[in-house]
Amino acid sequence: MTKEEARERVLQLAVLHGLSPPLRAKMADIFLGVASPQRVPTDTVLFKRGQASNDEGYVLLDGDVRVLKEGQPEFVASAPDVIGEIAHISPTKQRSATLSAASELKVLRFKWSAFLNAAQQTLTAEEVQQFTSALQEYAWKHFTE
């Protein structure tokens, strides 16, 4: 996947949908600037429920992820998607679900701290707040699914 193809996938992220086109473009550039592209083999466990966060997040560019939450049936999340956001914003900093690769994945792997640092250096305070609000709303939807 080329960098431009990856950028197009990032621009499609649901978490960015409510943002203005210029801010979505800035966010895509930030994700691409702090993340490293990786392939993840099928059946690889990305996160385990209850595990302490290691500050890691992923942008799922291609593929499907199995999500298993306590007391709920397993479901599949498909690209493009952001994963790892709930542990990032949770006060407990714990993973809320076990996620594993249902297929080979193409991802952008990043550290939330690096992402937020880049956002604070690149964006206005109002833009950071807009993204933070969008991320919290998105995480809440993921958490309650």
# chains A, B, ... in the order shown; residues from 1 in each chain; ligands from 1
call {"tool": "closest_atom_pairs", "arguments": {"of": "range 8-105 of chain A", "to": "range 126-130 of chain A", "cutoff": "10 Å", "atoms": "only C-alpha atoms", "output": "Markdown table"}}
result
| residue | atom | partner | partner_atom | distance |
| --- | --- | --- | --- | --- |
| A:Leu16 | CA | A:Gln130 | CA | 9.9 |
| A:Gly18 | CA | A:Gln130 | CA | 9.1 |
| A:Leu19 | CA | A:Gln130 | CA | 7.4 |
| A:Ser20 | CA | A:Gln130 | CA | 9.7 |
| A:Leu23 | CA | A:Glu127 | CA | 7.2 |
| A:Lys26 | CA | A:Glu127 | CA | 9.7 |
| A:Met27 | CA | A:Glu127 | CA | 9.7 |
call {"tool": "write_last_selection", "arguments": {"atoms": "N, CA and C atoms", "output": "mmCIF file, in the first residue's frame"}}
result
data_model
loop_
_atom_site.group_PDB
_atom_site.id
_atom_site.type_symbol
_atom_site.label_atom_id
_atom_site.label_comp_id
_atom_site.auth_asym_id
_atom_site.auth_seq_id
_atom_site.Cartn_x
_atom_site.Cartn_y
_atom_site.Cartn_z
ATOM 1 N N LEU A 16 -13.028 10.612 12.211
ATOM 2 C CA LEU A 16 -12.745 11.915 11.594
ATOM 3 C C LEU A 16 -13.939 12.499 10.851
ATOM 4 N N GLY A 18 -16.845 13.789 11.517
ATOM 5 C CA GLY A 18 -17.485 15.023 11.957
ATOM 6 C C GLY A 18 -16.592 16.248 11.901
ATOM 7 N N LEU A 19 -15.344 16.061 11.514
ATOM 8 C CA LEU A 19 -14.394 17.177 11.465
ATOM 9 C C LEU A 19 -14.423 17.833 10.088
ATOM 10 N N SER A 20 -13.987 19.072 10.030
ATOM 11 C CA SER A 20 -13.928 19.779 8.752
ATOM 12 C C SER A 20 -12.898 19.098 7.846
ATOM 13 N N LEU A 23 -9.283 19.929 8.726
ATOM 14 C CA LEU A 23 -8.821 19.292 9.959
ATOM 15 C C LEU A 23 -8.643 17.793 9.754
ATOM 16 N N LYS A 26 -5.317 17.337 8.188
ATOM 17 C CA LYS A 26 -4.231 17.506 9.166
ATOM 18 C C LYS A 26 -4.097 16.261 10.045
ATOM 19 N N MET A 27 -5.237 15.709 10.468
ATOM 20 C CA MET A 27 -5.209 14.517 11.322
ATOM 21 C C MET A 27 -4.600 13.339 10.570
#
call {"tool": "closest_atom_pairs", "arguments": {"of": "range 19-47 of chain A", "to": "range 71-85 of chain A", "cutoff": "12 Å", "atoms": "only C-alpha atoms", "output": "tab-separated table"}}
result
residue	atom	partner	partner_atom	distance
A:Ala28	CA	A:Val82	CA	11.8
A:Phe31	CA	A:Val82	CA	10.5
A:Leu46	CA	A:Gly84	CA	9.2
A:Phe47	CA	A:Gly84	CA	8.1
call {"tool": "atom_distance", "arguments": {"atom1": "CA of Tyr138 in chain A", "atom2": "CA of Leu116 in chain A"}}
result
16.5 Å
call {"tool": "closest_residue", "arguments": {"among": "A:Ala14, A:Val67, A:Val59, A:Val34", "to": "Ala101 in chain A", "atoms": "only C-alpha atoms"}}
result
A:Val67
call {"tool": "select_by_dssp", "arguments": {"residues": "range 14-145 of chain A", "states": "strand (DSSP E or B)", "output": "ChimeraX atom specification"}}
result
/A:36-40,45-47,52,56-62,64-68,75-78,81-83,94,98-101,105-111
call {"tool": "atom_distance", "arguments": {"atom1": "CA of Gln38 in chain A", "atom2": "CA of Leu108 in chain A"}}
result
6.2 Å
call {"tool": "select_by_dssp", "arguments": {"residues": "range 13-50 of chain A", "states": "alpha helix (DSSP H)", "output": "JSON, numbers by chain"}}
result
{"A": [21, 22, 23, 24, 25, 26, 27, 28, 29, 30, 31, 32, 33, 34]}
call {"tool": "write_last_selection", "arguments": {"atoms": "N, CA and C atoms", "output": "CSV table (one decimal), in the first residue's frame"}}
result
chain,number,residue,atom,x,y,z
A,21,PRO,N,-13.1,19.2,6.5
A,21,PRO,CA,-12.1,18.6,5.6
A,21,PRO,C,-10.6,19.0,5.9
A,22,PRO,N,-10.4,20.3,6.1
A,22,PRO,CA,-9.0,20.7,6.4
A,22,PRO,C,-8.4,20.0,7.7
A,23,LEU,N,-9.3,19.9,8.7
A,23,LEU,CA,-8.8,19.3,10.0
A,23,LEU,C,-8.6,17.8,9.8
A,24,ARG,N,-9.5,17.1,9.0
A,24,ARG,CA,-9.4,15.7,8.7
A,24,ARG,C,-8.0,15.5,8.0
A,25,ALA,N,-7.7,16.4,7.0
A,25,ALA,CA,-6.4,16.3,6.3
A,25,ALA,C,-5.2,16.4,7.3
A,26,LYS,N,-5.3,17.3,8.2
A,26,LYS,CA,-4.2,17.5,9.2
A,26,LYS,C,-4.1,16.3,10.0
A,27,MET,N,-5.2,15.7,10.5
A,27,MET,CA,-5.2,14.5,11.3
A,27,MET,C,-4.6,13.3,10.6
A,28,ALA,N,-5.0,13.2,9.3
A,28,ALA,CA,-4.4,12.1,8.5
A,28,ALA,C,-2.9,12.3,8.4
A,29,ASP,N,-2.4,13.5,8.2
A,29,ASP,CA,-1.0,13.7,8.1
A,29,ASP,C,-0.3,13.4,9.5
A,30,ILE,N,-0.9,13.7,10.6
A,30,ILE,CA,-0.4,13.4,11.9
A,30,ILE,C,-0.3,11.9,12.1
A,31,PHE,N,-1.3,11.2,11.8
A,31,PHE,CA,-1.3,9.7,11.9
A,31,PHE,C,-0.1,9.2,11.1
A,32,LEU,N,0.0,9.6,9.9
A,32,LEU,CA,1.0,9.1,9.0
A,32,LEU,C,2.4,9.5,9.4
A,33,GLY,N,2.5,10.6,10.1
A,33,GLY,CA,3.8,11.1,10.6
A,33,GLY,C,4.3,10.4,11.8
A,34,VAL,N,3.4,9.9,12.6
A,34,VAL,CA,3.9,9.2,13.9
A,34,VAL,C,3.8,7.7,13.9
call {"tool": "residues_around", "arguments": {"residues": "Val40 in chain A", "least_positions_apart": "2", "cutoff": "7 Å", "atoms": "only C-alpha atoms", "output": "list in words"}}
result
Gln38, Thr42, Thr44, Glu104, Leu105 and Lys106 of chain A
call {"tool": "write_last_selection", "arguments": {"atoms": "N, CA and C atoms", "output": "mmCIF file, in the first residue's frame"}}
result
data_model
loop_
_atom_site.group_PDB
_atom_site.id
_atom_site.type_symbol
_atom_site.label_atom_id
_atom_site.label_comp_id
_atom_site.auth_asym_id
_atom_site.auth_seq_id
_atom_site.Cartn_x
_atom_site.Cartn_y
_atom_site.Cartn_z
ATOM 1 N N GLN A 38 2.743 -1.589 9.193
ATOM 2 C CA GLN A 38 3.101 -2.968 9.505
ATOM 3 C C GLN A 38 2.056 -3.910 8.944
ATOM 4 N N THR A 42 -2.654 -13.226 10.367
ATOM 5 C CA THR A 42 -3.933 -13.733 10.850
ATOM 6 C C THR A 42 -3.745 -14.405 12.209
ATOM 7 N N THR A 44 -3.103 -13.105 15.072
ATOM 8 C CA THR A 44 -2.267 -12.384 16.024
ATOM 9 C C THR A 44 -3.159 -11.622 16.997
ATOM 10 N N GLU A 104 -5.120 -11.279 7.517
ATOM 11 C CA GLU A 104 -3.876 -10.502 7.536
ATOM 12 C C GLU A 104 -4.262 -9.029 7.533
ATOM 13 N N LEU A 105 -3.571 -8.259 8.360
ATOM 14 C CA LEU A 105 -3.884 -6.845 8.499
ATOM 15 C C LEU A 105 -2.764 -5.977 7.942
ATOM 16 N N LYS A 106 -3.156 -4.832 7.424
ATOM 17 C CA LYS A 106 -2.228 -3.743 7.152
ATOM 18 C C LYS A 106 -2.623 -2.644 8.112
#
call {"tool": "atom_distance", "arguments": {"atom1": "CA of Arg95 in chain A", "atom2": "CA of Arg9 in chain A"}}
result
24.6 Å
call {"tool": "residues_around", "arguments": {"residues": "Ala102 in chain A", "least_positions_apart": "3", "cutoff": "8 Å", "atoms": "only C-alpha atoms", "output": "list in words"}}
result
Thr42, Asp43, Gly63, Asp64, Val65, Arg66 and Val76 of chain A
call {"tool": "decode", "arguments": {"residues": "range 2-54 of chain A", "atoms": "C-alpha atoms", "output": "PDB file, in the first residue's frame"}}
result
ATOM      1  CA  THR A   2       1.444   3.354  -0.992  1.00  0.00           C
ATOM      2  CA  LYS A   3       1.571   6.300   1.394  1.00  0.00           C
ATOM      3  CA  GLU A   4      -1.139   8.048  -0.649  1.00  0.00           C
ATOM      4  CA  GLU A   5      -3.377   4.956  -0.476  1.00  0.00           C
ATOM      5  CA  ALA A   6      -2.805   4.807   3.283  1.00  0.00           C
ATOM      6  CA  ARG A   7      -3.679   8.508   3.568  1.00  0.00           C
ATOM      7  CA  GLU A   8      -6.934   7.929   1.679  1.00  0.00           C
ATOM      8  CA  ARG A   9      -7.834   5.111   4.092  1.00  0.00           C
ATOM      9  CA  VAL A  10      -7.052   7.316   7.101  1.00  0.00           C
ATOM     10  CA  LEU A  11      -9.283  10.059   5.692  1.00  0.00           C
ATOM     11  CA  GLN A  12     -12.138   7.511   5.695  1.00  0.00           C
ATOM     12  CA  LEU A  13     -11.903   6.860   9.449  1.00  0.00           C
ATOM     13  CA  ALA A  14     -15.283   7.255  11.131  1.00  0.00           C
ATOM     14  CA  VAL A  15     -13.645   9.110  14.034  1.00  0.00           C
ATOM     15  CA  LEU A  16     -12.745  11.915  11.594  1.00  0.00           C
ATOM     16  CA  HIS A  17     -16.139  12.171   9.841  1.00  0.00           C
ATOM     17  CA  GLY A  18     -17.485  15.023  11.957  1.00  0.00           C
ATOM     18  CA  LEU A  19     -14.394  17.177  11.465  1.00  0.00           C
ATOM     19  CA  SER A  20     -13.928  19.779   8.752  1.00  0.00           C
ATOM     20  CA  PRO A  21     -12.097  18.588   5.615  1.00  0.00           C
ATOM     21  CA  PRO A  22      -8.993  20.697   6.415  1.00  0.00           C
ATOM     22  CA  LEU A  23      -8.821  19.292   9.959  1.00  0.00           C
ATOM     23  CA  ARG A  24      -9.363  15.720   8.684  1.00  0.00           C
ATOM     24  CA  ALA A  25      -6.424  16.253   6.313  1.00  0.00           C
ATOM     25  CA  LYS A  26      -4.231  17.506   9.166  1.00  0.00           C
ATOM     26  CA  MET A  27      -5.209  14.517  11.322  1.00  0.00           C
ATOM     27  CA  ALA A  28      -4.370  12.107   8.508  1.00  0.00           C
ATOM     28  CA  ASP A  29      -0.955  13.704   8.146  1.00  0.00           C
ATOM     29  CA  ILE A  30      -0.360  13.428  11.893  1.00  0.00           C
ATOM     30  CA  PHE A  31      -1.287   9.719  11.940  1.00  0.00           C
ATOM     31  CA  LEU A  32       1.010   9.076   8.972  1.00  0.00           C
ATOM     32  CA  GLY A  33       3.806  11.100  10.560  1.00  0.00           C
ATOM     33  CA  VAL A  34       3.904   9.237  13.882  1.00  0.00           C
ATOM     34  CA  ALA A  35       2.947   5.715  12.812  1.00  0.00           C
ATOM     35  CA  SER A  36       4.862   2.892  11.256  1.00  0.00           C
ATOM     36  CA  PRO A  37       3.183   0.715   8.630  1.00  0.00           C
ATOM     37  CA  GLN A  38       3.101  -2.968   9.505  1.00  0.00           C
ATOM     38  CA  ARG A  39       1.568  -6.234   8.399  1.00  0.00           C
ATOM     39  CA  VAL A  40      -0.019  -8.346  11.086  1.00  0.00           C
ATOM     40  CA  PRO A  41      -0.531 -12.092  10.458  1.00  0.00           C
ATOM     41  CA  THR A  42      -3.933 -13.733  10.850  1.00  0.00           C
ATOM     42  CA  ASP A  43      -4.770 -14.787  14.441  1.00  0.00           C
ATOM     43  CA  THR A  44      -2.267 -12.384  16.024  1.00  0.00           C
ATOM     44  CA  VAL A  45      -3.631 -11.002  19.305  1.00  0.00           C
ATOM     45  CA  LEU A  46      -3.297  -7.212  19.341  1.00  0.00           C
ATOM     46  CA  PHE A  47      -4.812  -6.560  22.784  1.00  0.00           C
ATOM     47  CA  LYS A  48      -6.144  -8.668  25.631  1.00  0.00           C
ATOM     48  CA  ARG A  49      -9.097  -7.530  27.689  1.00  0.00           C
ATOM     49  CA  GLY A  50      -8.004  -6.225  31.103  1.00  0.00           C
ATOM     50  CA  GLN A  51      -4.414  -5.725  29.948  1.00  0.00           C
ATOM     51  CA  ALA A  52      -2.808  -2.436  30.946  1.00  0.00           C
ATOM     52  CA  SER A  53      -2.427  -0.034  28.067  1.00  0.00           C
ATOM     53  CA  ASN A  54       1.047   0.253  26.618  1.00  0.00           C
TER      54      ASN A  54
END
